[in-house]
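Heads up, run_11.txt below (compact mmCIF, C-alpha atoms and all ligand atoms):
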# COMPACT_ATOMS: atom_id res chain seq x y z
CA MET W 1 41.44 14.07 -37.39
CA THR W 2 42.89 11.06 -35.59
CA GLY W 3 41.56 7.88 -34.03
CA PRO W 4 40.32 4.60 -35.47
CA GLY W 5 38.95 4.98 -38.95
CA ALA W 6 39.62 8.72 -38.95
CA SER W 7 41.60 8.59 -42.16
CA ARG W 8 38.61 7.02 -43.94
CA PRO W 9 37.20 9.61 -46.33
CA LEU W 10 33.68 10.15 -45.05
CA GLU W 11 34.74 10.11 -41.43
CA LEU W 12 37.35 12.76 -42.17
CA ALA W 13 34.78 14.86 -44.01
CA ARG W 14 32.37 14.58 -41.08
CA LEU W 15 34.97 15.88 -38.63
CA ALA W 16 36.01 18.65 -41.01
CA ALA W 17 32.37 19.66 -41.49
CA GLU W 18 31.93 20.11 -37.74
CA HIS W 19 35.02 22.29 -37.67
CA LEU W 20 33.84 24.45 -40.60
CA SER W 21 30.36 24.88 -39.15
CA ALA W 22 31.88 25.97 -35.84
CA LYS W 23 33.80 28.63 -37.78
CA GLY W 24 30.56 29.98 -39.26
CA VAL W 25 30.79 28.43 -42.73
CA ALA W 26 27.23 28.16 -44.02
CA ASP W 27 27.42 24.79 -45.81
CA GLY W 28 30.08 23.10 -43.72
CA ARG W 29 29.21 19.55 -44.72
CA LEU W 30 28.95 20.28 -48.43
CA ASP W 31 32.20 22.23 -48.51
CA ALA W 32 34.02 19.57 -46.47
CA GLU W 33 32.97 16.96 -49.02
CA LEU W 34 33.75 19.13 -52.06
CA LEU W 35 37.22 19.93 -50.71
CA LEU W 36 37.89 16.26 -50.00
CA ALA W 37 36.82 15.32 -53.51
CA HIS W 38 39.10 18.08 -54.82
CA VAL W 39 42.11 16.83 -52.83
CA LEU W 40 41.50 13.23 -53.94
CA GLY W 41 40.80 14.20 -57.54
CA VAL W 42 37.40 12.48 -57.60
CA ARG W 43 33.79 13.60 -57.89
CA ARG W 44 31.89 14.28 -54.67
CA LEU W 45 29.56 11.40 -55.47
CA ASP W 46 32.52 9.04 -55.60
CA LEU W 47 33.16 9.65 -51.91
CA TYR W 48 29.94 7.72 -51.32
CA LEU W 49 30.10 5.26 -54.19
CA GLN W 50 33.59 3.92 -54.36
CA PHE W 51 36.05 5.56 -52.09
CA GLU W 52 36.71 3.22 -49.20
CA ARG W 53 40.49 3.27 -49.02
CA PRO W 54 42.19 5.19 -46.23
CA LEU W 55 43.89 8.43 -47.22
CA SER W 56 47.64 8.66 -47.51
CA GLU W 57 49.54 11.00 -45.20
CA ASP W 58 50.02 13.46 -48.05
CA GLU W 59 46.33 13.46 -48.83
CA VAL W 60 45.45 14.06 -45.20
CA ALA W 61 47.96 16.94 -45.07
CA SER W 62 46.53 18.52 -48.23
CA TYR W 63 43.03 18.16 -46.89
CA ARG W 64 43.96 19.74 -43.56
CA GLU W 65 45.43 22.71 -45.41
CA ALA W 66 42.31 23.10 -47.55
CA ILE W 67 40.06 22.96 -44.49
CA ARG W 68 42.29 25.44 -42.68
CA ARG W 69 41.91 27.92 -45.56
CA ARG W 70 38.15 27.43 -45.74
CA SER W 71 37.84 27.84 -41.95
CA ARG W 72 39.42 31.29 -42.44
CA ARG W 73 36.48 31.97 -44.72
CA GLU W 74 38.42 31.83 -47.97
CA PRO W 75 35.83 31.03 -50.67
CA LEU W 76 35.64 27.39 -51.68
CA GLN W 77 36.22 28.30 -55.33
CA TYR W 78 39.54 30.04 -54.64
CA ILE W 79 40.74 26.90 -52.86
CA THR W 80 39.68 24.51 -55.63
CA GLY W 81 40.54 27.13 -58.28
CA ARG W 82 37.39 26.31 -60.23
CA ALA W 83 33.89 27.75 -60.59
CA PRO W 84 31.08 26.39 -62.76
CA PHE W 85 29.27 28.93 -64.92
CA ARG W 86 26.60 27.82 -67.41
CA GLU W 87 28.41 25.38 -69.73
CA LEU W 88 31.85 26.39 -68.49
CA GLU W 89 34.20 25.30 -65.74
CA LEU W 90 36.18 28.50 -65.19
CA ALA W 91 39.52 28.94 -63.48
CA VAL W 92 39.22 31.52 -60.71
CA ASP W 93 41.62 33.07 -58.22
CA PRO W 94 41.59 36.15 -55.98
CA ARG W 95 42.17 38.43 -59.00
CA VAL W 96 38.56 37.85 -60.11
CA LEU W 97 35.06 37.82 -58.68
CA ILE W 98 33.62 34.32 -58.43
CA PRO W 99 30.83 34.22 -61.02
CA ARG W 100 27.34 34.11 -59.49
CA PRO W 101 24.14 32.29 -60.49
CA GLU W 102 22.28 35.56 -61.19
CA THR W 103 24.86 36.37 -63.84
CA GLU W 104 23.88 33.16 -65.62
CA VAL W 105 20.41 34.70 -65.98
CA LEU W 106 21.94 37.91 -67.35
CA VAL W 107 23.71 35.84 -70.03
CA GLN W 108 20.48 33.97 -70.74
CA GLU W 109 18.68 37.25 -71.47
CA ALA W 110 21.50 38.54 -73.68
CA LEU W 111 21.49 35.26 -75.63
CA ARG W 112 17.71 35.34 -76.05
CA HIS W 113 17.91 38.82 -77.56
CA ALA W 114 20.84 37.85 -79.80
CA ARG W 115 19.05 34.77 -81.17
CA GLU W 116 15.94 36.83 -81.94
CA ALA W 117 18.03 39.55 -83.59
CA VAL W 118 19.80 37.04 -85.79
CA GLY W 119 16.57 35.26 -86.74
CA ASP W 120 16.90 33.15 -89.83
CA ALA W 121 19.37 35.48 -91.46
CA GLY W 122 22.28 33.64 -89.92
CA ALA W 123 24.18 36.89 -89.33
CA GLU W 124 26.79 37.07 -86.65
CA LEU W 125 26.80 39.74 -83.99
CA ASP W 126 29.28 41.82 -82.01
CA ALA W 127 29.08 42.06 -78.24
CA LEU W 128 30.80 44.05 -75.51
CA ASP W 129 31.27 42.90 -71.90
CA ILE W 130 32.36 45.73 -69.59
CA GLY W 131 34.18 44.49 -66.46
CA THR W 132 34.70 40.92 -67.62
CA GLY W 133 36.51 39.54 -64.55
CA SER W 134 36.99 35.81 -65.11
CA GLY W 135 35.50 36.23 -68.59
CA ALA W 136 32.35 34.35 -67.53
CA ILE W 137 29.93 36.48 -69.58
CA ALA W 138 32.08 37.11 -72.66
CA ILE W 139 33.19 33.49 -73.00
CA SER W 140 29.64 32.16 -72.54
CA LEU W 141 28.40 34.49 -75.28
CA LEU W 142 31.06 33.16 -77.65
CA VAL W 143 30.49 29.52 -76.73
CA GLU W 144 26.69 29.61 -76.77
CA GLY W 145 25.61 32.50 -78.96
CA PRO W 146 25.71 33.80 -82.54
CA PHE W 147 28.64 36.13 -81.91
CA ARG W 148 31.57 36.56 -84.24
CA ARG W 149 33.42 38.83 -81.85
CA VAL W 150 33.20 39.82 -78.20
CA VAL W 151 35.18 42.73 -76.81
CA ALA W 152 35.76 42.34 -73.07
CA THR W 153 37.22 45.05 -70.87
CA ASP W 154 38.44 45.34 -67.31
CA LEU W 155 40.30 47.79 -65.15
CA SER W 156 42.32 44.99 -63.66
CA PRO W 157 45.27 43.50 -65.58
CA GLY W 158 45.10 40.41 -63.36
CA ALA W 159 41.47 39.83 -64.32
CA LEU W 160 42.32 40.13 -68.02
CA GLU W 161 44.99 37.44 -67.58
CA VAL W 162 42.46 35.09 -65.99
CA ALA W 163 39.91 35.83 -68.73
CA ALA W 164 42.51 35.15 -71.44
CA SER W 165 43.39 31.74 -70.07
CA ASN W 166 39.72 30.84 -69.57
CA ALA W 167 39.00 31.81 -73.18
CA ALA W 168 41.87 29.66 -74.41
CA ALA W 169 40.67 26.71 -72.32
CA ALA W 170 37.16 27.09 -73.80
CA GLY W 171 38.58 27.27 -77.33
CA VAL W 172 37.26 30.77 -78.08
CA ALA W 173 40.41 32.89 -77.73
CA ASP W 174 40.16 33.92 -81.40
CA GLY W 175 36.76 35.56 -80.96
CA LEU W 176 37.66 37.45 -77.78
CA GLN W 177 39.34 40.86 -77.72
CA LEU W 178 40.53 41.81 -74.25
CA ARG W 179 41.14 45.47 -73.52
CA ARG W 180 42.24 47.20 -70.36
CA GLY W 181 40.70 50.38 -69.00
CA PRO W 182 37.75 51.93 -67.20
CA GLY W 183 34.29 52.32 -68.68
CA TRP W 184 34.32 53.43 -72.31
CA GLU W 185 37.98 54.36 -72.41
CA PRO W 186 39.09 51.19 -74.24
CA ILE W 187 36.27 51.55 -76.81
CA GLY W 188 36.72 53.62 -79.96
CA ASP W 189 34.27 56.47 -80.63
CA GLY W 190 32.84 54.81 -83.70
CA GLU W 191 32.57 51.27 -82.32
CA ARG W 192 29.03 49.86 -82.20
CA PHE W 193 27.72 46.62 -80.75
CA ASP W 194 24.57 44.55 -81.08
CA VAL W 195 24.68 43.58 -77.42
CA ILE W 196 26.37 45.28 -74.48
CA VAL W 197 26.42 43.23 -71.28
CA THR W 198 27.80 44.22 -67.94
CA ASN W 199 27.88 43.02 -64.37
CA PRO W 200 29.47 46.11 -62.88
CA PRO W 201 30.43 46.61 -59.25
CA TYR W 202 27.27 47.85 -57.53
CA VAL W 203 27.71 47.40 -53.78
CA LEU W 204 27.39 50.55 -51.65
CA GLU W 205 30.47 51.52 -49.64
CA SER W 206 28.20 51.60 -46.58
CA GLU W 207 27.32 47.92 -47.08
CA ARG W 208 30.92 46.79 -46.70
CA ALA W 209 30.44 45.68 -43.09
CA THR W 210 27.35 43.63 -43.93
CA LEU W 211 29.03 41.44 -46.57
CA MET W 212 29.99 37.87 -45.79
CA PRO W 213 33.69 37.50 -44.87
CA GLU W 214 34.18 35.33 -47.98
CA VAL W 215 33.21 38.29 -50.16
CA ARG W 216 34.48 41.24 -48.11
CA ASP W 217 37.88 39.84 -47.14
CA HIS W 218 38.75 37.79 -50.24
CA GLU W 219 37.10 38.99 -53.45
CA PRO W 220 38.61 42.02 -55.24
CA ALA W 221 37.25 45.30 -53.87
CA GLU W 222 37.21 46.85 -57.36
CA ALA W 223 34.79 44.11 -58.43
CA LEU W 224 32.34 44.94 -55.65
CA PHE W 225 32.16 48.57 -54.59
CA ALA W 226 30.86 51.48 -56.62
CA GLY W 227 30.67 54.61 -54.52
CA ALA W 228 28.21 55.90 -51.94
CA ASP W 229 25.08 54.80 -53.83
CA GLY W 230 26.60 51.78 -55.61
CA LEU W 231 25.73 53.26 -59.00
CA ALA W 232 29.00 54.94 -60.01
CA VAL W 233 29.89 52.39 -62.69
CA VAL W 234 26.25 51.95 -63.80
CA ARG W 235 26.24 55.71 -64.48
CA GLU W 236 29.51 55.45 -66.38
CA VAL W 237 28.09 52.68 -68.57
CA LEU W 238 24.79 54.45 -69.20
CA ALA W 239 26.47 57.70 -70.16
CA ASP W 240 27.63 56.33 -73.54
CA ALA W 241 25.72 53.07 -73.97
CA ARG W 242 23.33 54.47 -76.57
CA SER W 243 26.05 55.81 -78.83
CA HIS W 244 27.82 52.42 -78.83
CA LEU W 245 24.69 50.35 -79.57
CA ARG W 246 23.50 49.62 -83.08
CA VAL W 247 19.85 50.46 -83.69
CA GLY W 248 17.85 47.60 -82.18
CA GLY W 249 20.82 46.64 -79.99
CA LEU W 250 20.42 45.69 -76.33
CA LEU W 251 22.06 46.79 -73.10
CA ALA W 252 21.79 44.07 -70.44
CA MET W 253 22.95 45.01 -66.95
CA GLU W 254 23.09 43.20 -63.63
CA VAL W 255 22.32 45.42 -60.63
CA GLY W 256 21.96 44.98 -56.89
CA SER W 257 18.75 44.13 -55.04
CA GLY W 258 16.58 47.23 -54.89
CA GLN W 259 18.43 49.10 -57.67
CA ALA W 260 16.62 47.80 -60.76
CA ARG W 261 13.73 50.28 -60.89
CA ALA W 262 15.99 53.29 -60.43
CA VAL W 263 18.43 51.99 -63.05
CA ALA W 264 15.58 51.38 -65.53
CA GLY W 265 14.62 55.05 -65.07
CA MET W 266 18.23 56.11 -65.61
CA ALA W 267 18.31 54.05 -68.83
CA VAL W 268 15.35 56.03 -70.20
CA THR W 269 17.09 59.29 -69.32
CA ALA W 270 20.13 57.95 -71.17
CA GLY W 271 18.03 57.64 -74.34
CA LEU W 272 17.29 53.93 -74.27
CA ASP W 273 13.83 52.48 -74.96
CA ALA W 274 11.40 50.34 -73.04
CA PRO W 275 13.54 49.03 -70.20
CA ARG W 276 12.51 45.69 -68.80
CA VAL W 277 13.38 44.32 -65.38
CA VAL W 278 14.02 40.59 -64.96
CA ALA W 279 14.21 38.65 -61.67
CA ASP W 280 17.01 36.29 -60.72
CA LEU W 281 16.42 32.66 -59.71
CA THR W 282 15.43 33.73 -56.20
CA GLY W 283 12.81 36.20 -57.47
CA ARG W 284 14.79 39.38 -56.87
CA GLU W 285 14.77 42.04 -59.57
CA ARG W 286 18.39 42.03 -60.65
CA ILE W 287 18.59 42.53 -64.39
CA VAL W 288 17.79 45.60 -66.46
CA LEU W 289 17.36 45.28 -70.22
CA ALA W 290 17.06 48.33 -72.45
CA ALA W 291 17.23 48.65 -76.21
CA ARG W 292 18.36 51.34 -78.56
CA GLY W 293 15.24 52.11 -80.57
CA ARG W 294 15.01 53.73 -83.96
CA ASP W 295 15.82 57.41 -83.89
CA THR W 296 12.64 59.46 -83.94
CA GLU W 297 14.33 62.14 -85.98
CA PRO W 298 16.83 61.52 -88.70
CA LYS W 299 20.21 61.94 -87.14
CA VAL W 300 23.60 62.22 -88.71
CA GLU W 301 26.35 60.39 -86.85
N1 LIG Z 1 31.85 39.89 -65.39
C1 LIG Z 1 32.36 39.13 -64.26
C2 LIG Z 1 31.23 38.29 -63.68
O1 LIG Z 1 30.07 38.63 -63.93
O2 LIG Z 1 31.50 37.34 -62.93
C3 LIG Z 1 32.99 40.03 -63.20
C4 LIG Z 1 32.05 41.07 -62.66
S1 LIG Z 1 32.70 41.99 -61.28
C5 LIG Z 1 31.21 42.33 -60.39
C6 LIG Z 1 33.07 43.58 -61.96
C7 LIG Z 1 34.37 43.67 -62.79
O3 LIG Z 1 34.46 44.98 -63.34
C8 LIG Z 1 35.64 43.45 -62.02
O4 LIG Z 1 36.46 42.52 -62.71
C9 LIG Z 1 36.30 44.83 -61.94
O5 LIG Z 1 37.72 44.78 -61.99
C10 LIG Z 1 35.75 45.51 -63.16
N2 LIG Z 1 35.57 46.97 -63.06
C11 LIG Z 1 35.31 47.71 -61.97
N3 LIG Z 1 35.12 49.00 -62.29
C12 LIG Z 1 35.27 49.07 -63.64
C13 LIG Z 1 35.20 50.13 -64.58
N4 LIG Z 1 34.94 51.39 -64.21
N5 LIG Z 1 35.42 49.84 -65.89
C14 LIG Z 1 35.69 48.58 -66.29
N6 LIG Z 1 35.76 47.53 -65.42
C15 LIG Z 1 35.56 47.78 -64.12
N1 LIG Z 2 26.87 39.76 -56.31
C1 LIG Z 2 27.98 40.28 -55.55
C2 LIG Z 2 27.65 40.21 -54.08
O1 LIG Z 2 26.69 39.60 -53.73
C3 LIG Z 2 28.28 41.69 -55.97
C4 LIG Z 2 28.84 41.70 -57.35
C5 LIG Z 2 28.72 43.05 -57.97
O2 LIG Z 2 28.87 44.08 -57.35
N2 LIG Z 2 28.44 43.03 -59.23
O3 LIG Z 2 28.35 40.70 -53.24

Once you've parsed the file, please lay out its structure as structure tokens.
Ligand code: SAM
Ligand code: GLN
Amino acid sequence: MTGPGASRPLELARLAAEHLSAKGVADGRLDAELLLAHVLGVRRLDLYLQFERPLSEDEVASYREAIRRRSRREPLQYITGRAPFRELELAVDPRVLIPRPETEVLVQEALRHAREAVGDAGAELDALDIGTGSGAIAISLLVEGPFRRVVATDLSPGALEVAASNAAAAGVADGLQLRRGPGWEPIGDGERFDVIVTNPPYVLESERATLMPEVRDHEPAEALFAGADGLAVVREVLADARSHLRVGGLLAMEVGSGQARAVAGMAVTAGLDAPRVVADLTGRERIVLAARGRDTEPKVE
């Protein structure tokens, strides 16, 4: 990064992009520009529109460090510390999975159901998010939907800290109850929800070697892997989902590519009605929706 004009922003980004691409980063140019914008505290567009001044030595040093981290395949979002999700700009760090675009579709489906359930009555609903990570799902439900309360759980204390600060930043800390523990453990026997949403870990242990280094070497393992068939946590959720749903309530689950049909079948076995499979933005079947129908026989609970 030396030579005439090399401290000019776009020239620096061009050199950095070549370096990143050589290290196997998929979108080297884009990431080089986003990291430069981050270091300079401007929008990416501003690099083109208004940023002609040479960088200071400190700025060049910060940029070099950011590019060094990215070249070691650290995810862009852990370096900038931010990840967009629906209407939110979430803080993220290695304690949490970086929220994905398919999870935005999961939230969309949960919101659609909630709005229909509320109808004109103006009631407010209760939701549960199992494995909340950064809080992406739970906080979006509170910000966008008709929810008076969202309970969000995670195994990981670090994740719950991140979710708490994201909820505060979004102004919805009051509506969010964070609880630590696996599966249903943090949920009382008699607690019922109108919507249960989860993006559980669902990657097969055997797929570990096939993951991108950004995911495999940097994101939390407990957010990714779920046993030999990837369905260990899905099973845990399904085991008690029905008993924690109100009648007419919805379970909305994200699953891995190729798992949706099997999981829909498992939902029926678990006593849920009419599962529906929804595709993500790239056309892959990634979301399973299943409702708790009316009991066919009167049942005392
Ligand atoms: N909900 C976030 C999102 O969609 O971006 C994070 C999803 S991440 C795939 C799964 C999360 O579930 C991780 O934060 C992980 O710590 C947590 N987790 C893993 N196993 C769990 C279990 N048995 N019970 C509760 N949470 C679990
Ligand atoms: N979507 C993540 C991946 O592509 C996996 C997240 C999960 O297991 N829920 O690796």

For Gln259 of chain W, list every protein, DNA or RNA residue within 12 Å, evaluated using all atoms listed in the file, and leave out those in the same chain fewer than 5 positions away; present the list as a ChimeraX atom specification. /W:202-204,229-231,234,253-254,264-266,277,279,284-288

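Nearest to ligand LIG 2 (chain Z) of all the residues W:Ala37, W:Ala22, W:Ala66, W:Val215 is W:Val215, based on all atoms listed in the file.
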
Any residue with an atom at most 12 Å from ligand LIG 2 (chain Z) counts, using only C-alpha atoms and all ligand atoms. Which are they? Put them as an NGL selection string. :W and (96-104 or 106 or 130-133 or 198-205 or 207-227 or 229-234 or 253-257 or 259 or 280 or 286-287)

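Using only C-alpha atoms for every distance, the candidate list W:Val25, W:Gly249, W:Pro9, W:Leu76 yields W:Pro9 as the residue closest to Glu59 of chain W.
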
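Omitting segment 186-194 of chain W and its sequence neighbours fewer than 3 positions away, and counting only C-alpha atoms, the residues within 7 Å are W:Leu125, W:Asp126, W:Ala127, W:Leu128, W:Arg179, W:Arg180, W:Gly181, W:His244, W:Leu245, W:Arg246, W:Gly249, W:Leu250.
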
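If you look at atom CA of Ser62 of chain W and atom CA of Val39 of chain W, they are 6.6 Å away from each other.
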
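Each of W:Val195, W:Leu251, W:Ala167, W:Leu40 was compared to Val237 of chain W using all atoms listed in the file, and W:Leu251 turns out to be the nearest.
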
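Minimum distance to ligand LIG 1 (chain Z) across W:Asn166, W:Ser134, W:Ser140, W:Ser206 (counting only C-alpha atoms and all ligand atoms) occurs at W:Ser134.
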
What does the distance from atom CA of Asp129 of chain W to atom CA of Ala152 of chain W come to in Å, to one decimal? 4.7 Å

Residues within 10 Å of (30.4, 23.7, -47.7), file coords, only C-alpha atoms, listed as a PyMOL selection string: chain W and resi 17+20-21+25-35+70+75-76

Separation of atom CA of Leu141 of chain W from atom CA of Ala290 of chain W, in Å and rounded to one decimal: 18.1 Å

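If you measure from each of W:Glu185, W:Asp174, W:Asp295, W:Glu124 to ligand LIG 1 (chain Z) using only C-alpha atoms and all ligand atoms, the closest one turns out to be W:Glu185.
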
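Candidate residues W:Leu176, W:Gln108, W:Arg72, W:Asp58 were compared for distance to Gly24 of chain W, and the nearest is W:Arg72, using all atoms listed in the file.
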
Which neighbours of Ala274 of chain W fall inside 9 Å, counting all atoms listed in the file, when residues of the same chain fewer than 5 positions from it are skipped, and could you give them as a ChimeraX atom specification? /W:264,267-268,289-293
